[in-house]
Each structure stands twice: as structure tokens, then as C-alpha cells.
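What follows is a set of notes on a single structure, which appears directly below.
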Amino acid sequence: MAHTQHPPHFSLGVTLAIFAAIGFSAKAIFVKLAYLVAPIDAITLLALRMAFSVPVFIGVAIWSSRQQHANALDGHDLLLIVGLGFIGYYVSSLLDFMGLVYLSAGLERLILFLYPTMTVLLSAALFKHPITRKHIIALVVSYSGIALVFAHNMAQPSSNMLLGAGLVFASTLSYSIYLVGASHAINKIGTIRFTALAMIVASAITLTHFAATHDLGALRLPVRIYMLSAAMAVFSTILPVFMLSAAIRLINPGRTALIGSAGPIATIFMAYLFLNETIGALQIIGSVLVLSGVLLISWKRKTG
């Protein structure tokens with residue numbers, strides 16, 4: 001039987017995809033650790049994350065706009081960038097940070113990882129894309145997995161766990177709306193340029209929200225909060241975004257998404273190591289079901 005010949009940069013692409021998945025998954029760990037250090041609200045923590053990361057995205061946006069292949073942006077493009085940056089990176093992130101006040105990091109990541117199933121449902125509702133038998137099976141499997149993880153968490157309930165789950169679910173829904181709307185903009189503007197511009201929009205809105213609702217006294221925080229915010233900006237925002245883009249280019253979106261499915265498992269084990277969150281049989285089985293459903297709905301059979 002012939003062996004599959006991978007391109008020269010295949011190993012690099014796989015490595016970048018793995019580190020991107022771990023980086024995105026670590027965000028919940030940084031947020032939960034910050035909440036343990038001092039009483040800080042979601043918008044303050046999100047503002048710190050954006051403040052540390054936005055200079056890099058401004059630099060990337062300027063660089064990418066000066067490339068020879070960069071298209072000029074028209075009014076429709078700008079409207080898309082503002083609208084999608086608002087819903088995809090500001091609303092989604094704020095709801096997620098709020099939900100993490102009440103929710104374990106492991107459950108938060110599993111709920112967020114439902115976004116492919118929501119994207120399918122949104123595409124069907126908005127663009128009349130057909131829902132196949134495979135989609136229905138994937139939806140049932142994924143949401144059964146979430147139910148099992150809920151059962152695990154109900155054995156050791158935290159206050160307002162349902163509120164936290166609702167906030168994270170709303171975060172996932174807003175991110176799914178972003179994904180459905182972003183494909184046209186990404187095709188024209190480019191992944192890195194569009195992401196940088198959308199992040200700049202989200203950062204501006206977040207910092208304006210903070211300035212309108214807090215005084216400077218809210219920034220008198222322990223040094224460890226600033227260290228965690230800076231680490232979250234670097235390792236769970238900036239680096240994963242660019243590693244993911246590079247991985248997609250090197251090994252294609254399908255393989256990158258497949259490797260990214262390890263993210264929720266990485267979060268569960270990091271939460272066990274750094275937050276002393278428990279790992280139970282129901283949580284493991286539920287996680288496997290969620291990942292199975294997402295992989296089923298993301299899988300495209302090769303033809304030819």
C-alpha cells in the first residue's frame with residue numbers, strides 16, 4: 001500500500017495548528033485565574049486583554065493594507081468589518097467572560113465548541129442551506145454530550161450555573177453569526193487583514209465601553225491581573241490567530257479544524273492542572289460526544 005506523501009511544511013502546519021488550539025483553549029484558564037486573584041468584572045478584564053493586543057493588530061492591519069495584492073475597501077466592506085467585529089469579537093467575548101464567572105472552564109469550552117453546529121443551523125435558516133441526515137445526527141450527538149457534562153456539573157453545582165451556560169451559549173451564537181457573515185469579507189479582504197481590522201473595531205468598542213462605565217480607579221489592580229491579561233493577549237489572542245492562519249495555509253482548513261477539535265480536551269486537562277477542576281466519567285463521555293458531533297458535521301467526504 002502506498003504511503004501518503006505530505007508536503008515539506010506539513011509537520012510545521014500540524015505543530016502550528018496544535019499550538020493554536022492550545023492557545024485558544026487557555027483563554028478560559030487565564031480568565032478564571034484572574035477572577036481568583038481579585039474581584040474584577042468582565043468588561044475590565046476584556047478591556048485589558050484588548051489594550052495589550054490591539055497595538056499588534058494595528059501594525060498588522062497597516063502592513064497588510066500596504067501589500068500589492070490588497071484591495072481598496074469600499075463602504076460595504078467597512079460596514080461588514082464594523083458589524084462583524086462588533087458581534088464576533090466584542091459581544092461574543094464579553095458574553096463569554098461574563099459566563100466564566102459562573103461556569104467551569106471545561107464546560108465553557110465545550111459549549112463554545114458547539115459553534116459549527118450553530119453555523120449549520122444559521123446557514124439553513126438564513127440561506128436555505130439543506131440540513132441533511134448527517135447534520136441531524138451530529139446535532140443530537142453534540143447536544144447529548146453537553147447534557148452529560150451538565151449532569152456531571154450538577155453533582156457539584158455552582159451558583160448561577162445555568163446563567164453562566166446561557167451567557168456562553170449566547171456567546172457561541174454571536175460567534176456563529178460572525179462566521180456566517182464573515183466568509184464574503186474574508187474572501188475579498190483576506191483572512192489576516194480582515195481579522196486584524198475586526199479586532200481593532202472590537203478593541204475600540206470594548207475600551208469605549210470601559211471608559212463610559214468605569215473610572216481610572218478600576219485600573220488599580222494587582223500586578224498579577226496585568227500579567228495574566230498580557231499573557232492572555234499574547235498566548236490566547238495574538239499568537240493563536242496568526243498560527244491558525246498559517247496552519248490553514250500549510251495543511252488546509254479541514255486538517256486544521258480536525259486538530260482544533262482537541263481544544264476542549266486541552267481546556268479540561270488545563271483546568272484540572274491549574275484550577276483543580278474535577279474530571280469525571282460523565283465529563284469524559286460527554287466531551288467525546290461533543291467532539292464526535294462536531295467532527296461529523298465538519299467532515300467532508302473526498303470525491304474523485
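Order determines the names: the first chain of the C-alpha cells is A, the second B, and so forth; residues in each chain are numbered 1 upward, and ligands are numbered 1 upward as they are shown.
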Taking the backbone alone, and naming residues the way the document does, which bits of stretch 73-231 of chain A are helix (DSSP H, G or I) by DSSP, as number ranges by chain?
A: 75-99, 105-112, 115-127, 133-154, 161-189, 191-213, 216-219, 223-231
If you count only C-alpha atoms, which residues fall within 10 Å of A:Lys32, apart from same-chain ones fewer than 4 positions away, as JSON, numbers by chain?
{"A": [27, 28, 36, 37, 97, 100, 101, 102, 103, 104, 105, 271, 274, 275]}
Which residue gives the smallest distance to A:Leu228 among A:Ala170, A:Ile137, A:Ala34, A:Leu107, with only C-alpha atoms counted?
A:Ala34
Could you give me, as a PDB file with N, CA and C atoms, in the first residue's frame, the residues within 12 Å of A:Val31, counting only C-alpha atoms and dropping anything in the same chain fewer than 6 positions from it?
ATOM      1  N   PHE A  24      -5.911  29.057  22.138  1.00  0.00           N
ATOM      2  CA  PHE A  24      -7.308  29.478  22.253  1.00  0.00           C
ATOM      3  C   PHE A  24      -7.967  28.850  23.486  1.00  0.00           C
ATOM      4  N   SER A  25      -7.637  27.592  23.761  1.00  0.00           N
ATOM      5  CA  SER A  25      -8.243  26.892  24.894  1.00  0.00           C
ATOM      6  C   SER A  25      -7.785  27.465  26.231  1.00  0.00           C
ATOM      7  N   VAL A  37      -7.809  35.984  41.527  1.00  0.00           N
ATOM      8  CA  VAL A  37      -6.826  36.903  42.110  1.00  0.00           C
ATOM      9  C   VAL A  37      -7.501  38.079  42.795  1.00  0.00           C
ATOM     10  N   ALA A  38      -8.502  38.664  42.141  1.00  0.00           N
ATOM     11  CA  ALA A  38      -9.138  39.882  42.670  1.00  0.00           C
ATOM     12  C   ALA A  38     -10.543  39.993  42.109  1.00  0.00           C
ATOM     13  N   PRO A  39     -11.435  40.723  42.790  1.00  0.00           N
ATOM     14  CA  PRO A  39     -12.788  40.956  42.255  1.00  0.00           C
ATOM     15  C   PRO A  39     -12.729  41.914  41.067  1.00  0.00           C
ATOM     16  N   ILE A  40     -12.779  41.366  39.881  1.00  0.00           N
ATOM     17  CA  ILE A  40     -12.697  42.170  38.658  1.00  0.00           C
ATOM     18  C   ILE A  40     -13.872  41.781  37.772  1.00  0.00           C
ATOM     19  N   ASP A  41     -14.497  42.775  37.119  1.00  0.00           N
ATOM     20  CA  ASP A  41     -15.642  42.442  36.274  1.00  0.00           C
ATOM     21  C   ASP A  41     -15.187  42.106  34.850  1.00  0.00           C
ATOM     22  N   ALA A  42     -16.119  41.563  34.075  1.00  0.00           N
ATOM     23  CA  ALA A  42     -15.788  41.039  32.749  1.00  0.00           C
ATOM     24  C   ALA A  42     -15.292  42.123  31.804  1.00  0.00           C
ATOM     25  N   ILE A  43     -15.925  43.313  31.814  1.00  0.00           N
ATOM     26  CA  ILE A  43     -15.536  44.340  30.852  1.00  0.00           C
ATOM     27  C   ILE A  43     -14.144  44.885  31.163  1.00  0.00           C
ATOM     28  N   THR A  44     -13.773  44.979  32.443  1.00  0.00           N
ATOM     29  CA  THR A  44     -12.430  45.444  32.793  1.00  0.00           C
ATOM     30  C   THR A  44     -11.380  44.451  32.311  1.00  0.00           C
ATOM     31  N   LEU A  45     -11.624  43.167  32.546  1.00  0.00           N
ATOM     32  CA  LEU A  45     -10.673  42.150  32.123  1.00  0.00           C
ATOM     33  C   LEU A  45     -10.579  42.086  30.596  1.00  0.00           C
ATOM     34  N   LEU A  46     -11.723  42.199  29.931  1.00  0.00           N
ATOM     35  CA  LEU A  46     -11.715  42.190  28.469  1.00  0.00           C
ATOM     36  C   LEU A  46     -10.999  43.430  27.924  1.00  0.00           C
ATOM     37  N   LEU A  48      -8.543  45.049  29.330  1.00  0.00           N
ATOM     38  CA  LEU A  48      -7.104  44.837  29.498  1.00  0.00           C
ATOM     39  C   LEU A  48      -6.567  43.916  28.405  1.00  0.00           C
ATOM     40  N   ARG A  49      -7.296  42.852  28.108  1.00  0.00           N
ATOM     41  CA  ARG A  49      -6.874  41.934  27.044  1.00  0.00           C
ATOM     42  C   ARG A  49      -6.760  42.675  25.713  1.00  0.00           C
ATOM     43  N   SER A  93     -17.025  37.932  22.992  1.00  0.00           N
ATOM     44  CA  SER A  93     -16.014  37.866  24.054  1.00  0.00           C
ATOM     45  C   SER A  93     -16.571  38.327  25.392  1.00  0.00           C
ATOM     46  N   LEU A  94     -17.361  39.409  25.375  1.00  0.00           N
ATOM     47  CA  LEU A  94     -17.911  39.929  26.624  1.00  0.00           C
ATOM     48  C   LEU A  94     -18.858  38.910  27.264  1.00  0.00           C
ATOM     49  N   ASP A  96     -18.824  35.719  26.857  1.00  0.00           N
ATOM     50  CA  ASP A  96     -18.007  34.587  27.303  1.00  0.00           C
ATOM     51  C   ASP A  96     -17.340  34.896  28.641  1.00  0.00           C
ATOM     52  N   PHE A  97     -16.745  36.079  28.771  1.00  0.00           N
ATOM     53  CA  PHE A  97     -16.089  36.467  30.025  1.00  0.00           C
ATOM     54  C   PHE A  97     -17.100  36.535  31.164  1.00  0.00           C
ATOM     55  N   MET A  98     -18.310  37.031  30.869  1.00  0.00           N
ATOM     56  CA  MET A  98     -19.361  37.087  31.891  1.00  0.00           C
ATOM     57  C   MET A  98     -19.786  35.679  32.309  1.00  0.00           C
ATOM     58  N   GLY A  99     -19.909  34.784  31.333  1.00  0.00           N
ATOM     59  CA  GLY A  99     -20.319  33.419  31.645  1.00  0.00           C
ATOM     60  C   GLY A  99     -19.306  32.677  32.490  1.00  0.00           C
ATOM     61  N   LEU A 100     -18.019  32.981  32.292  1.00  0.00           N
ATOM     62  CA  LEU A 100     -16.967  32.294  33.042  1.00  0.00           C
ATOM     63  C   LEU A 100     -16.971  32.640  34.525  1.00  0.00           C
ATOM     64  N   VAL A 101     -17.697  33.695  34.906  1.00  0.00           N
ATOM     65  CA  VAL A 101     -17.844  33.998  36.333  1.00  0.00           C
ATOM     66  C   VAL A 101     -18.564  32.845  37.040  1.00  0.00           C
ATOM     67  N   TYR A 102     -19.486  32.204  36.329  1.00  0.00           N
ATOM     68  CA  TYR A 102     -20.360  31.196  36.936  1.00  0.00           C
ATOM     69  C   TYR A 102     -20.067  29.766  36.483  1.00  0.00           C
ATOM     70  N   LEU A 103     -19.225  29.599  35.471  1.00  0.00           N
ATOM     71  CA  LEU A 103     -19.095  28.310  34.810  1.00  0.00           C
ATOM     72  C   LEU A 103     -17.671  27.783  34.911  1.00  0.00           C
ATOM     73  N   SER A 104     -17.520  26.470  34.928  1.00  0.00           N
ATOM     74  CA  SER A 104     -16.185  25.869  34.896  1.00  0.00           C
ATOM     75  C   SER A 104     -15.569  26.099  33.516  1.00  0.00           C
ATOM     76  N   ALA A 105     -14.232  26.119  33.476  1.00  0.00           N
ATOM     77  CA  ALA A 105     -13.540  26.341  32.204  1.00  0.00           C
ATOM     78  C   ALA A 105     -13.818  25.216  31.220  1.00  0.00           C
ATOM     79  N   GLU A 108     -17.354  25.596  29.751  1.00  0.00           N
ATOM     80  CA  GLU A 108     -17.374  26.780  28.885  1.00  0.00           C
ATOM     81  C   GLU A 108     -16.819  26.447  27.503  1.00  0.00           C
ATOM     82  N   ARG A 224      -0.540  40.897  39.264  1.00  0.00           N
ATOM     83  CA  ARG A 224      -0.813  39.586  38.679  1.00  0.00           C
ATOM     84  C   ARG A 224      -1.969  39.646  37.662  1.00  0.00           C
ATOM     85  N   ILE A 225      -2.937  40.536  37.887  1.00  0.00           N
ATOM     86  CA  ILE A 225      -4.024  40.694  36.916  1.00  0.00           C
ATOM     87  C   ILE A 225      -3.464  41.190  35.585  1.00  0.00           C
ATOM     88  N   TYR A 226      -2.558  42.147  35.648  1.00  0.00           N
ATOM     89  CA  TYR A 226      -1.952  42.669  34.424  1.00  0.00           C
ATOM     90  C   TYR A 226      -1.098  41.612  33.738  1.00  0.00           C
ATOM     91  N   MET A 227      -0.400  40.810  34.521  1.00  0.00           N
ATOM     92  CA  MET A 227       0.410  39.734  33.944  1.00  0.00           C
ATOM     93  C   MET A 227      -0.466  38.697  33.249  1.00  0.00           C
ATOM     94  N   LEU A 228      -1.576  38.321  33.894  1.00  0.00           N
ATOM     95  CA  LEU A 228      -2.490  37.360  33.289  1.00  0.00           C
ATOM     96  C   LEU A 228      -3.147  37.934  32.034  1.00  0.00           C
ATOM     97  N   SER A 229      -3.495  39.227  32.063  1.00  0.00           N
ATOM     98  CA  SER A 229      -4.115  39.868  30.895  1.00  0.00           C
ATOM     99  C   SER A 229      -3.136  39.929  29.723  1.00  0.00           C
ATOM    100  N   ALA A 230      -1.887  40.272  30.025  1.00  0.00           N
ATOM    101  CA  ALA A 230      -0.868  40.326  28.973  1.00  0.00           C
ATOM    102  C   ALA A 230      -0.618  38.931  28.402  1.00  0.00           C
ATOM    103  N   ALA A 231      -0.558  37.924  29.266  1.00  0.00           N
ATOM    104  CA  ALA A 231      -0.359  36.548  28.804  1.00  0.00           C
ATOM    105  C   ALA A 231      -1.533  36.096  27.941  1.00  0.00           C
ATOM    106  N   MET A 232      -2.759  36.469  28.354  1.00  0.00           N
ATOM    107  CA  MET A 232      -3.937  36.115  27.572  1.00  0.00           C
ATOM    108  C   MET A 232      -3.899  36.799  26.203  1.00  0.00           C
ATOM    109  N   ALA A 233      -3.454  38.050  26.163  1.00  0.00           N
ATOM    110  CA  ALA A 233      -3.370  38.770  24.896  1.00  0.00           C
ATOM    111  C   ALA A 233      -2.361  38.116  23.955  1.00  0.00           C
ATOM    112  N   SER A 236      -3.239  33.695  23.998  1.00  0.00           N
ATOM    113  CA  SER A 236      -4.591  33.235  23.679  1.00  0.00           C
ATOM    114  C   SER A 236      -5.316  34.152  22.703  1.00  0.00           C
ATOM    115  N   ALA A 271      -7.653  22.889  33.053  1.00  0.00           N
ATOM    116  CA  ALA A 271      -8.476  23.272  34.207  1.00  0.00           C
ATOM    117  C   ALA A 271      -8.219  22.344  35.392  1.00  0.00           C
ATOM    118  N   PHE A 274      -4.518  23.529  36.641  1.00  0.00           N
ATOM    119  CA  PHE A 274      -4.330  24.885  37.160  1.00  0.00           C
ATOM    120  C   PHE A 274      -5.471  25.397  38.021  1.00  0.00           C
ATOM    121  N   LEU A 275      -6.670  24.809  37.874  1.00  0.00           N
ATOM    122  CA  LEU A 275      -7.833  25.312  38.604  1.00  0.00           C
ATOM    123  C   LEU A 275      -8.438  24.278  39.547  1.00  0.00           C
TER     124      LEU A 275
END
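Comparing A:Ile111, A:Val234, A:Ile87, A:Ile81 by their smallest distance to A:Phe30, the closest is A:Val234 (using only C-alpha atoms).
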Using only C-alpha atoms, determine which residues lie at most 10 Å from stretch 178-185 of chain A, disregarding the query and same-chain residues fewer than 5 positions distant; provide the list as a list in words.
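With the cut-off at 10 Å, the set is His76, Asp77, Leu78, Leu80, Ile81, Gly83, Leu84, Gly85, Phe86, Ile87, Gly88, Tyr89, Ser92, Tyr115, Pro116, Met118, Thr119, Val120, Leu122, Ser123, Leu126, Phe127, Thr172, Leu173, Gly190, Thr191, Phe194 and Thr195 of chain A.
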Quick one: pull the distance between atom CA of A:Ala20 and atom CA of A:Met243, Å, one decimal.
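Between atom CA of A:Ala20 and atom CA of A:Met243 the gap is 5.7 Å.
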The distance between atom CA of A:Pro130 and atom CA of A:Ile189 is 28.0 Å
Would you pick out the contacts of A:Ile58 at 9 Å or less, using only C-alpha atoms, so that residues sharing its chain but fewer than 5 positions from it are not included, and give the list as a ChimeraX atom specification?
/A:63,196-197,199-200
So that I can check the surroundings of stretch 264-270 of chain A, please list as a PDB file with N, CA and C atoms, in the first residue's frame every protein, DNA and RNA residue that reaches within 8 Å of it, counting only C-alpha atoms and ignoring chain neighbours fewer than 3 positions away.
ATOM      1  N   ILE A  22      -4.316  24.924  21.544  1.00  0.00           N
ATOM      2  CA  ILE A  22      -3.992  25.033  22.967  1.00  0.00           C
ATOM      3  C   ILE A  22      -4.082  26.491  23.424  1.00  0.00           C
ATOM      4  N   SER A  25      -7.637  27.592  23.761  1.00  0.00           N
ATOM      5  CA  SER A  25      -8.243  26.892  24.894  1.00  0.00           C
ATOM      6  C   SER A  25      -7.785  27.465  26.231  1.00  0.00           C
ATOM      7  N   ALA A  26      -6.571  28.006  26.268  1.00  0.00           N
ATOM      8  CA  ALA A  26      -6.028  28.538  27.518  1.00  0.00           C
ATOM      9  C   ALA A  26      -6.698  29.836  27.952  1.00  0.00           C
ATOM     10  N   ALA A  28      -9.770  30.538  28.681  1.00  0.00           N
ATOM     11  CA  ALA A  28     -10.646  30.328  29.836  1.00  0.00           C
ATOM     12  C   ALA A  28      -9.848  30.155  31.119  1.00  0.00           C
ATOM     13  N   ILE A  29      -8.694  29.530  31.026  1.00  0.00           N
ATOM     14  CA  ILE A  29      -7.842  29.337  32.208  1.00  0.00           C
ATOM     15  C   ILE A  29      -7.335  30.685  32.722  1.00  0.00           C
ATOM     16  N   ALA A 105     -14.232  26.119  33.476  1.00  0.00           N
ATOM     17  CA  ALA A 105     -13.540  26.341  32.204  1.00  0.00           C
ATOM     18  C   ALA A 105     -13.818  25.216  31.220  1.00  0.00           C
ATOM     19  N   GLY A 106     -13.902  23.977  31.714  1.00  0.00           N
ATOM     20  CA  GLY A 106     -14.146  22.839  30.836  1.00  0.00           C
ATOM     21  C   GLY A 106     -15.499  22.901  30.158  1.00  0.00           C
ATOM     22  N   ARG A 109     -15.682  25.741  27.467  1.00  0.00           N
ATOM     23  CA  ARG A 109     -15.056  25.436  26.187  1.00  0.00           C
ATOM     24  C   ARG A 109     -15.911  24.474  25.363  1.00  0.00           C
ATOM     25  N   LEU A 110     -16.568  23.517  26.012  1.00  0.00           N
ATOM     26  CA  LEU A 110     -17.425  22.585  25.287  1.00  0.00           C
ATOM     27  C   LEU A 110     -18.632  23.295  24.671  1.00  0.00           C
ATOM     28  N   PHE A 113     -17.569  25.215  21.745  1.00  0.00           N
ATOM     29  CA  PHE A 113     -17.198  24.361  20.623  1.00  0.00           C
ATOM     30  C   PHE A 113     -18.416  23.869  19.841  1.00  0.00           C
ATOM     31  N   SER A 261     -10.084  20.416  17.079  1.00  0.00           N
ATOM     32  CA  SER A 261     -11.083  19.743  17.906  1.00  0.00           C
ATOM     33  C   SER A 261     -10.493  19.234  19.218  1.00  0.00           C
ATOM     34  N   LEU A 273      -5.309  20.865  35.969  1.00  0.00           N
ATOM     35  CA  LEU A 273      -3.961  21.161  36.458  1.00  0.00           C
ATOM     36  C   LEU A 273      -3.876  22.489  37.199  1.00  0.00           C
ATOM     37  N   PHE A 274      -4.518  23.529  36.641  1.00  0.00           N
ATOM     38  CA  PHE A 274      -4.330  24.885  37.160  1.00  0.00           C
ATOM     39  C   PHE A 274      -5.471  25.397  38.021  1.00  0.00           C
ATOM     40  N   LEU A 275      -6.670  24.809  37.874  1.00  0.00           N
ATOM     41  CA  LEU A 275      -7.833  25.312  38.604  1.00  0.00           C
ATOM     42  C   LEU A 275      -8.438  24.278  39.547  1.00  0.00           C
ATOM     43  N   GLU A 277     -10.173  21.782  38.807  1.00  0.00           N
ATOM     44  CA  GLU A 277     -11.478  21.301  38.385  1.00  0.00           C
ATOM     45  C   GLU A 277     -11.426  19.778  38.235  1.00  0.00           C
ATOM     46  N   ILE A 279     -12.312  15.920  36.915  1.00  0.00           N
ATOM     47  CA  ILE A 279     -12.584  15.217  35.663  1.00  0.00           C
ATOM     48  C   ILE A 279     -13.308  13.934  36.013  1.00  0.00           C
ATOM     49  N   SER A 287     -17.667  14.898  26.600  1.00  0.00           N
ATOM     50  CA  SER A 287     -16.692  15.578  25.750  1.00  0.00           C
ATOM     51  C   SER A 287     -16.488  14.823  24.442  1.00  0.00           C
TER      52      SER A 287
END
Would you mind reading off the distance between atom CA of A:Gly59 and atom CA of A:Ala204, one decimal, in Å?
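Here the two named atoms are 15.0 Å from each other.
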